[in-house]
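What's in my_file.txt: compact mmCIF, C-alpha atoms and all ligand atoms
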```txt
# COMPACT_ATOMS: atom_id res chain seq x y z
CA MET X 1 0.00 0.00 0.00
CA THR X 2 1.30 3.46 -0.83
CA GLU X 3 1.94 5.91 1.95
CA PRO X 4 -0.79 8.52 2.51
CA VAL X 5 -0.09 11.94 0.99
CA ILE X 6 -0.97 13.53 4.32
CA ASP X 7 -0.57 11.72 7.63
CA VAL X 8 -1.37 13.69 10.76
CA GLY X 9 -1.24 12.26 14.28
CA SER X 10 -1.95 13.90 17.65
CA LEU X 11 -1.54 17.36 16.15
CA ASP X 12 -1.71 20.22 18.66
CA PHE X 13 -1.14 23.84 17.86
CA ALA X 14 -1.37 26.88 20.13
CA TYR X 15 -0.85 30.47 19.00
CA PRO X 16 1.65 32.31 21.20
CA GLU X 17 -0.07 33.74 24.25
CA ALA X 18 -3.37 32.08 23.42
CA ALA X 19 -5.06 30.44 26.39
CA ALA X 20 -6.48 27.47 24.45
CA LEU X 21 -5.14 25.18 21.76
CA ALA X 22 -6.38 26.20 18.29
CA VAL X 23 -5.88 22.61 17.12
CA ASN X 24 -6.21 19.88 19.68
CA GLY X 25 -5.34 16.23 19.01
CA VAL X 26 -6.11 16.02 15.30
CA ASP X 27 -5.57 12.68 13.57
CA LEU X 28 -6.22 12.30 9.86
CA THR X 29 -4.82 10.75 6.71
CA VAL X 30 -5.43 11.70 3.11
CA GLU X 31 -4.72 9.13 0.40
CA ARG X 32 -3.25 9.87 -3.01
CA GLY X 33 -5.88 11.04 -5.48
CA GLU X 34 -8.45 11.82 -2.81
CA ILE X 35 -10.49 14.98 -2.55
CA PHE X 36 -10.66 15.51 1.20
CA GLY X 37 -12.90 18.17 2.74
CA LEU X 38 -12.24 19.93 6.03
CA LEU X 39 -15.48 21.41 7.34
CA GLY X 40 -16.35 23.18 10.55
CA PRO X 41 -17.71 26.33 12.11
CA ASN X 42 -15.90 29.67 12.19
CA GLY X 43 -12.95 29.53 14.54
CA ALA X 44 -12.84 25.71 14.64
CA GLY X 45 -9.19 25.60 13.55
CA LYS X 46 -9.46 24.82 9.83
CA SER X 47 -7.15 27.58 8.61
CA THR X 48 -4.72 26.82 11.40
CA THR X 49 -4.67 23.15 10.38
CA GLN X 50 -4.12 24.11 6.74
CA LYS X 51 -1.29 26.47 7.74
CA VAL X 52 0.42 23.66 9.65
CA LEU X 53 -0.03 21.23 6.75
CA THR X 54 1.42 23.73 4.28
CA GLY X 55 4.46 24.44 6.45
CA LEU X 56 3.49 28.00 7.40
CA LEU X 57 3.13 27.25 11.13
CA ARG X 58 6.00 25.07 12.31
CA ASP X 59 5.71 25.20 16.06
CA TYR X 60 3.29 22.30 16.41
CA ALA X 61 3.25 19.15 18.50
CA GLY X 62 2.48 15.70 17.09
CA HIS X 63 3.43 14.44 13.65
CA VAL X 64 2.49 15.90 10.27
CA ARG X 65 3.88 13.95 7.33
CA VAL X 66 3.24 15.56 3.95
CA LEU X 67 4.39 13.78 0.78
CA GLY X 68 6.44 11.36 2.82
CA ARG X 69 8.35 13.78 5.02
CA GLU X 70 7.66 15.63 8.28
CA VAL X 71 6.40 18.99 7.11
CA ARG X 72 8.81 21.05 9.21
CA ASP X 73 11.72 19.19 7.58
CA TRP X 74 10.70 20.31 4.11
CA GLY X 75 12.42 23.37 2.70
CA SER X 76 11.01 25.61 0.01
CA ASP X 77 11.13 22.60 -2.35
CA LEU X 78 7.78 21.61 -0.79
CA TYR X 79 6.17 24.38 -2.80
CA GLU X 80 7.39 22.83 -6.05
CA LYS X 81 4.97 19.99 -5.32
CA VAL X 82 2.24 21.63 -3.29
CA GLY X 83 -0.16 24.34 -4.48
CA VAL X 84 -1.98 26.59 -2.03
CA GLY X 85 -5.05 28.68 -2.75
CA PHE X 86 -5.87 31.11 0.04
CA GLU X 87 -9.36 32.17 1.02
CA LEU X 88 -8.62 35.85 0.60
CA PRO X 89 -6.82 36.16 -2.71
CA VAL X 90 -3.67 38.23 -2.55
CA HIS X 91 -2.34 39.55 -5.84
CA TYR X 92 -0.13 42.39 -6.96
CA SER X 93 -2.91 44.77 -7.88
CA ARG X 94 -0.73 47.04 -10.02
CA LEU X 95 0.27 44.13 -12.19
CA THR X 96 -1.94 42.53 -14.82
CA ALA X 97 -3.34 39.02 -14.43
CA ARG X 98 -0.67 37.68 -16.78
CA GLU X 99 2.12 39.56 -14.98
CA ASN X 100 0.94 38.18 -11.65
CA LEU X 101 1.14 34.64 -12.99
CA GLN X 102 4.50 35.36 -14.64
CA TYR X 103 5.86 36.70 -11.35
CA PHE X 104 4.81 33.63 -9.38
CA ALA X 105 5.80 31.21 -12.16
CA ALA X 106 9.34 32.65 -12.03
CA LEU X 107 9.63 31.60 -8.37
CA TYR X 108 9.46 27.92 -9.32
CA GLU X 109 12.56 25.98 -10.22
CA GLY X 110 10.58 23.28 -11.99
CA GLU X 111 8.40 23.59 -15.03
CA THR X 112 5.16 25.54 -14.74
CA GLU X 113 1.89 25.43 -16.65
CA ASP X 114 1.51 27.39 -19.84
CA LEU X 115 0.07 30.76 -18.78
CA ASP X 116 -2.31 31.09 -21.73
CA THR X 117 -3.76 27.67 -21.00
CA LEU X 118 -4.26 28.66 -17.37
CA LEU X 119 -5.82 32.01 -18.25
CA ASP X 120 -8.15 30.23 -20.67
CA GLN X 121 -9.09 27.65 -18.08
CA VAL X 122 -10.22 30.26 -15.55
CA ASP X 123 -11.78 32.38 -18.27
CA LEU X 124 -9.50 35.37 -17.74
CA GLN X 125 -7.94 35.47 -21.19
CA PRO X 126 -9.98 38.56 -22.19
CA GLN X 127 -8.73 40.42 -19.09
CA ALA X 128 -5.22 38.93 -19.13
CA ASN X 129 -3.56 42.29 -19.72
CA GLU X 130 -5.70 44.32 -17.33
CA ARG X 131 -4.45 45.41 -13.94
CA VAL X 132 -5.80 43.29 -11.12
CA SER X 133 -6.83 46.45 -9.23
CA ARG X 134 -9.73 46.64 -11.68
CA PHE X 135 -10.78 43.03 -11.15
CA SER X 136 -14.05 41.98 -9.52
CA LYS X 137 -13.97 39.67 -6.51
CA GLY X 138 -14.83 36.64 -8.64
CA MET X 139 -12.04 37.45 -11.12
CA ARG X 140 -9.54 37.64 -8.26
CA VAL X 141 -10.73 34.29 -6.91
CA ARG X 142 -10.29 32.72 -10.36
CA LEU X 143 -6.81 34.22 -10.71
CA SER X 144 -5.99 32.84 -7.28
CA PHE X 145 -6.99 29.36 -8.43
CA ALA X 146 -4.81 29.69 -11.53
CA ARG X 147 -1.89 30.68 -9.32
CA SER X 148 -2.41 27.72 -6.99
CA VAL X 149 -2.04 25.23 -9.86
CA LEU X 150 0.92 26.93 -11.61
CA CYS X 151 3.32 24.11 -10.69
CA ARG X 152 0.88 21.28 -11.54
CA PRO X 153 0.92 20.36 -7.85
CA GLU X 154 0.84 16.80 -6.56
CA LEU X 155 -1.07 18.13 -3.59
CA LEU X 156 -3.40 21.11 -3.79
CA PHE X 157 -4.77 22.96 -0.77
CA LEU X 158 -7.80 25.08 -1.55
CA ASP X 159 -9.55 27.34 0.94
CA GLU X 160 -13.06 28.29 -0.23
CA PRO X 161 -12.18 28.06 -3.93
CA THR X 162 -15.68 28.92 -5.15
CA THR X 163 -16.73 31.60 -2.66
CA GLY X 164 -17.97 34.70 -4.41
CA LEU X 165 -18.17 33.02 -7.81
CA ASP X 166 -21.28 33.04 -9.98
CA PRO X 167 -22.73 29.55 -10.62
CA VAL X 168 -21.07 29.19 -14.04
CA SER X 169 -17.64 30.20 -12.74
CA ALA X 170 -18.07 27.98 -9.67
CA ARG X 171 -18.90 25.02 -11.96
CA ARG X 172 -15.79 25.78 -14.03
CA ILE X 173 -13.53 25.76 -10.97
CA LYS X 174 -15.12 22.56 -9.65
CA ASP X 175 -14.57 20.88 -13.03
CA LEU X 176 -10.94 22.03 -13.01
CA ILE X 177 -10.47 20.59 -9.52
CA LEU X 178 -11.86 17.28 -10.80
CA GLU X 179 -9.48 17.43 -13.79
CA HIS X 180 -6.53 17.86 -11.43
CA ARG X 181 -7.72 14.87 -9.48
CA GLU X 182 -8.01 12.90 -12.73
CA ARG X 183 -4.35 13.53 -13.50
CA GLY X 184 -3.52 12.16 -10.04
CA ALA X 185 -3.41 15.22 -7.77
CA THR X 186 -4.64 15.04 -4.19
CA ILE X 187 -6.93 17.87 -3.09
CA PHE X 188 -7.39 19.19 0.45
CA LEU X 189 -10.44 21.42 0.40
CA THR X 190 -11.58 23.73 3.18
CA THR X 191 -15.08 25.05 2.76
CA HIS X 192 -18.33 26.17 4.34
CA ASP X 193 -20.21 25.26 1.19
CA MET X 194 -21.84 21.97 2.13
CA ALA X 195 -23.25 21.34 -1.35
CA THR X 196 -19.77 21.64 -2.87
CA ALA X 197 -18.29 19.40 -0.18
CA ASP X 198 -21.00 16.81 -0.74
CA GLU X 199 -20.53 16.84 -4.49
CA MET X 200 -16.74 16.93 -4.63
CA CYS X 201 -15.29 15.21 -1.59
CA ASP X 202 -14.46 11.52 -1.27
CA ARG X 203 -14.32 12.03 2.50
CA VAL X 204 -15.04 14.94 4.80
CA ALA X 205 -13.88 15.71 8.33
CA PHE X 206 -15.84 17.91 10.69
CA LEU X 207 -13.54 19.98 12.87
CA VAL X 208 -15.13 21.37 16.04
CA ASP X 209 -13.23 23.36 18.70
CA GLY X 210 -9.90 22.21 17.31
CA HIS X 211 -10.61 18.48 17.18
CA ILE X 212 -12.15 16.15 14.65
CA ALA X 213 -15.69 15.21 15.56
CA LEU X 214 -16.31 12.95 12.56
CA ILE X 215 -14.61 11.69 9.39
CA ASP X 216 -16.36 9.69 6.68
CA THR X 217 -17.63 9.72 3.12
CA PRO X 218 -20.56 12.08 2.57
CA ARG X 219 -22.60 9.06 1.53
CA GLN X 220 -21.88 7.10 4.72
CA LEU X 221 -22.62 10.16 6.83
CA LYS X 222 -25.97 10.54 5.17
CA VAL X 223 -26.74 6.88 5.73
CA ARG X 224 -25.68 7.11 9.37
CA TYR X 225 -27.51 10.33 10.15
CA GLY X 226 -30.15 9.84 7.54
CA GLU X 227 -33.60 10.29 8.87
CA LYS X 228 -35.82 11.55 6.09
CA ARG X 229 -38.20 14.19 7.29
CA VAL X 230 -41.17 16.07 6.04
CA ARG X 231 -41.60 19.77 6.74
CA VAL X 232 -45.00 21.43 6.88
CA GLU X 233 -45.27 25.21 6.67
CA TYR X 234 -48.39 27.18 7.55
CA ARG X 235 -49.42 30.59 8.86
CA ALA X 236 -50.57 31.13 12.41
CA ASP X 237 -51.65 34.64 13.38
CA GLY X 238 -49.99 35.89 10.21
CA ALA X 239 -46.56 34.45 11.09
CA LEU X 240 -44.99 31.59 9.13
CA GLU X 241 -44.72 28.47 11.27
CA ALA X 242 -42.94 25.24 10.35
CA GLN X 243 -43.00 21.77 11.84
CA GLU X 244 -40.95 18.74 10.89
CA PHE X 245 -41.87 15.08 11.24
CA PRO X 246 -40.04 11.82 10.50
CA LEU X 247 -41.12 10.57 7.07
CA ALA X 248 -41.38 7.02 8.43
CA GLY X 249 -44.90 6.43 9.71
CA VAL X 250 -46.02 9.89 8.73
CA ALA X 251 -49.50 8.69 7.70
CA ASP X 252 -50.18 7.72 11.32
CA ASN X 253 -48.48 10.70 12.90
CA ALA X 254 -51.17 12.70 14.71
CA GLY X 255 -49.05 15.88 14.82
CA PHE X 256 -48.46 15.71 11.09
CA LEU X 257 -52.15 15.16 10.39
CA ALA X 258 -53.05 18.11 12.60
CA ALA X 259 -50.52 20.28 10.77
CA LEU X 260 -52.06 19.25 7.46
CA ARG X 261 -55.44 20.47 8.67
CA GLN X 262 -54.13 23.99 9.26
CA PRO X 263 -56.38 26.31 7.25
CA THR X 264 -53.41 28.34 6.06
CA LEU X 265 -51.18 25.52 4.85
CA GLU X 266 -48.44 26.98 2.63
CA ALA X 267 -46.01 24.21 1.73
CA ILE X 268 -45.02 20.59 2.34
CA HIS X 269 -41.43 19.54 1.62
CA SER X 270 -39.79 16.19 2.04
CA GLN X 271 -36.23 16.67 3.24
CA GLU X 272 -33.29 14.41 2.49
CA THR X 273 -30.56 14.45 5.07
CA SER X 274 -28.00 16.89 3.75
CA LEU X 275 -24.43 17.57 4.83
CA GLU X 276 -25.75 20.91 6.04
CA ARG X 277 -28.11 19.21 8.47
CA ILE X 278 -25.35 16.85 9.57
CA PHE X 279 -23.05 19.84 10.05
CA ILE X 280 -25.60 21.52 12.32
CA ARG X 281 -26.10 18.34 14.30
CA VAL X 282 -22.41 17.42 14.62
CA THR X 283 -21.19 20.87 15.43
CA GLY X 284 -24.09 21.75 17.70
CA ARG X 285 -24.13 25.15 16.03
CA GLU X 286 -27.87 25.37 15.51
CA PHE X 287 -28.98 28.98 15.61
CA GLU X 288 -31.85 29.70 17.94
P1 LIG M 301 -13.13 30.35 9.82
O1 LIG M 301 -14.18 29.37 9.39
O2 LIG M 301 -13.75 31.53 10.49
O3 LIG M 301 -12.12 30.70 8.76
P2 LIG M 301 -11.22 28.51 11.10
O4 LIG M 301 -11.84 27.19 11.37
O5 LIG M 301 -10.34 28.61 9.91
O6 LIG M 301 -12.33 29.64 11.05
P3 LIG M 301 -8.90 29.38 12.62
O7 LIG M 301 -8.66 30.64 11.84
O8 LIG M 301 -7.97 28.25 12.40
O9 LIG M 301 -10.40 28.90 12.42
O10 LIG M 301 -8.90 29.78 14.16
C1 LIG M 301 -8.88 28.80 15.21
C2 LIG M 301 -8.69 29.53 16.54
O11 LIG M 301 -7.39 30.13 16.57
C3 LIG M 301 -9.70 30.66 16.81
O12 LIG M 301 -10.00 30.63 18.18
C4 LIG M 301 -8.93 31.90 16.47
O13 LIG M 301 -9.36 32.98 17.25
C5 LIG M 301 -7.49 31.52 16.81
N1 LIG M 301 -6.52 32.22 15.97
C6 LIG M 301 -6.47 32.21 14.62
N2 LIG M 301 -5.41 32.92 14.16
C7 LIG M 301 -4.80 33.40 15.27
C8 LIG M 301 -3.62 34.21 15.47
N3 LIG M 301 -2.88 34.65 14.46
N4 LIG M 301 -3.29 34.49 16.76
C9 LIG M 301 -4.00 34.04 17.81
N5 LIG M 301 -5.11 33.26 17.67
C10 LIG M 301 -5.49 32.95 16.42
```
Could you spell out this file's structure in structure tokens?
Amino acid sequence: MTEPVIDVGSLDFAYPEAAALAVNGVDLTVERGEIFGLLGPNGAGKSTTQKVLTGLLRDYAGHVRVLGREVRDWGSDLYEKVGVGFELPVHYSRLTARENLQYFAALYEGETEDLDTLLDQVDLQPQANERVSRFSKGMRVRLSFARSVLCRPELLFLDEPTTGLDPVSARRIKDLILEHRERGATIFLTTHDMATADEMCDRVAFLVDGHIALIDTPRQLKVRYGEKRVRVEYRADGALEAQEFPLAGVADNAGFLAALRQPTLEAIHSQETSLERIFIRVTGREFE
């Protein structure tokens, strides 16, 4: 069996002067060719974990093997093999899209992707010679993706790669991610977009308060937590009310039948278990 691309054991990380650990006892492995999703509420430690895995935070405890070597023992040659897309795209705004890619391509010792191909792929060819200062948010996010794959990485870390993109652009980026997986790359995806995680990821991990609450395939999670429900919406004193019932045995459910008899019935939806519902349950972050 080949060694996992990422192998993390008992990972702890504390920011200097912070009272609590930001990452607390994380264990996970990511196999070659996998798309692995790291999900979790704000402040759970996702970015911190990604920064440790990409060698940006080195003062950790535990072991973090990336591409066969402890990550703190890698030098800058790690970045010849690993691509990183940050959540908040940082570009040189006075340079054009092409100049930005040229600048970063020049930092690599190895071969890099053809810039025109990359610009085509993220649909920025028409704006290739425009300064990035004039770019919309979505254009910056697409340029950021192009930059993250400049070196045809073996391992690609992506933080919210489709946030702020229109549906067509988001589809394009998701298809590109799948193409990189097809050629053998491993993808570590951090996202709050549960639909994207469900569609793309072979496995997902839920990180809560710095530790992993659950790791599995989206499909298994839905089987495990899967109780189909039916939601009935009606008006009571002018306000919209909603009640949910288990789909199993619904014909004999007195509460459901009473809800159906509401004079101001507005909608009935059957609800599949979604990763979003699992997220709310696992993280306990249900809003009141
Ligand atoms: P989000 O979904 O909001 O991006 P996250 O899961 O990526 O959140 P992290 O940014 O990893 O969360 O933060 C984990 C914890 O570490 C939080 O309590 C946060 O306040 C803390 N933290 C993050 N960066 C620093 C820093 N530079 N110095 C001190 N504490 C930090």
Once 5 Å is added on each side, what are the centre and the three edge lengths, in Å to one decimal, of the axis-aligned box enclosing the listed atoms of ligand LIG 301 (chain M)? Present them as JSON.
```
{"center_x": -8.5, "center_y": 30.9, "center_z": 13.5, "size_x": 21.3, "size_y": 17.5, "size_z": 19.4}
```
Residues within 9 Å of ligand LIG 301 (chain M) (all atoms listed in the file), as an mmCIF file with C-alpha atoms, keeping the file's coordinate frame?
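Below is the file that was written, pocket21.cif:
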```cif
data_model
loop_
_atom_site.group_PDB
_atom_site.id
_atom_site.type_symbol
_atom_site.label_atom_id
_atom_site.label_comp_id
_atom_site.auth_asym_id
_atom_site.auth_seq_id
_atom_site.Cartn_x
_atom_site.Cartn_y
_atom_site.Cartn_z
ATOM 1 C CA PHE X 13 -1.140 23.840 17.860
ATOM 2 C CA ALA X 14 -1.370 26.880 20.130
ATOM 3 C CA TYR X 15 -0.850 30.470 19.000
ATOM 4 C CA PRO X 16 1.650 32.310 21.200
ATOM 5 C CA GLU X 17 -0.070 33.740 24.250
ATOM 6 C CA ALA X 18 -3.370 32.080 23.420
ATOM 7 C CA ALA X 20 -6.480 27.470 24.450
ATOM 8 C CA LEU X 21 -5.140 25.180 21.760
ATOM 9 C CA ALA X 22 -6.380 26.200 18.290
ATOM 10 C CA VAL X 23 -5.880 22.610 17.120
ATOM 11 C CA LEU X 39 -15.480 21.410 7.340
ATOM 12 C CA GLY X 40 -16.350 23.180 10.550
ATOM 13 C CA PRO X 41 -17.710 26.330 12.110
ATOM 14 C CA ASN X 42 -15.900 29.670 12.190
ATOM 15 C CA GLY X 43 -12.950 29.530 14.540
ATOM 16 C CA ALA X 44 -12.840 25.710 14.640
ATOM 17 C CA GLY X 45 -9.190 25.600 13.550
ATOM 18 C CA LYS X 46 -9.460 24.820 9.830
ATOM 19 C CA SER X 47 -7.150 27.580 8.610
ATOM 20 C CA THR X 48 -4.720 26.820 11.400
ATOM 21 C CA THR X 49 -4.670 23.150 10.380
ATOM 22 C CA GLN X 50 -4.120 24.110 6.740
ATOM 23 C CA LYS X 51 -1.290 26.470 7.740
ATOM 24 C CA GLU X 87 -9.360 32.170 1.020
ATOM 25 C CA ASP X 159 -9.550 27.340 0.940
ATOM 26 C CA THR X 190 -11.580 23.730 3.180
ATOM 27 C CA THR X 191 -15.080 25.050 2.760
ATOM 28 C CA HIS X 192 -18.330 26.170 4.340
ATOM 29 C CA LEU X 207 -13.540 19.980 12.870
ATOM 30 C CA VAL X 208 -15.130 21.370 16.040
ATOM 31 C CA ASP X 209 -13.230 23.360 18.700
ATOM 32 C CA GLY X 210 -9.900 22.210 17.310
#
```
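Excluding Ala258 (chain X) itself and same-chain residues fewer than 5 positions from it, the residues having an atom within 12 Å of it are Val232, Tyr234, Gln243, Phe245, Val250, Ala251, Asp252, Asn253, Pro263 and Leu265 of chain X, counting only C-alpha atoms.
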Give the answer as one residue: which of X:Ala213, X:Leu88, X:Ala267, X:Ala97 has the shortest atom-to-atom distance to Asp27 (chain X), using all atoms listed in the file? X:Ala213
Residue with smallest distance to Glu31 (chain X) - pool X:Val5, X:Leu275, X:Leu143, X:Ile187, counting all atoms listed in the file: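 Closest candidate: X:Val5.
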What separates CA of Leu118 (chain X) and CA of Ala146 (chain X) is a distance of 6.0 Å
Given all atoms listed in the file as the counted atoms, nearest of X:Ile212, X:Arg183, X:Arg98, X:Gly238 to Val8 (chain X):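 Closest to Val8 (chain X) of all the choices is X:Ile212.
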Would you list the contacts of Pro161 (chain X) as a ChimeraX atom specification, taking every protein, DNA or RNA residue within 9 Å and counting all atoms listed in the file, but skipping same-chain residues closer than 2 positions in sequence? /X:85-87,141-142,144-145,158-159,163-165,170,173-174,189-191
Give the answer as one residue: which of X:Tyr108, X:Trp74, X:Tyr79, X:Phe279 has the shortest atom-to-atom distance to Ile215 (chain X), using only C-alpha atoms? X:Phe279
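With all atoms listed in the file as the basis for measurement, X:Met200 is the residue among X:Leu67, X:Val282, X:Met200, X:Leu28 that approaches Glu179 (chain X) most closely.
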Between CA of Glu241 (chain X) and CA of Gly255 (chain X), what distance in Å does the model show, to one decimal?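 Those two atoms sit 13.8 Å apart.
Closest to Val64 (chain X) among X:Val149, X:Ala195, X:Leu11, X:Ile35 is X:Leu11, based on all atoms listed in the file.
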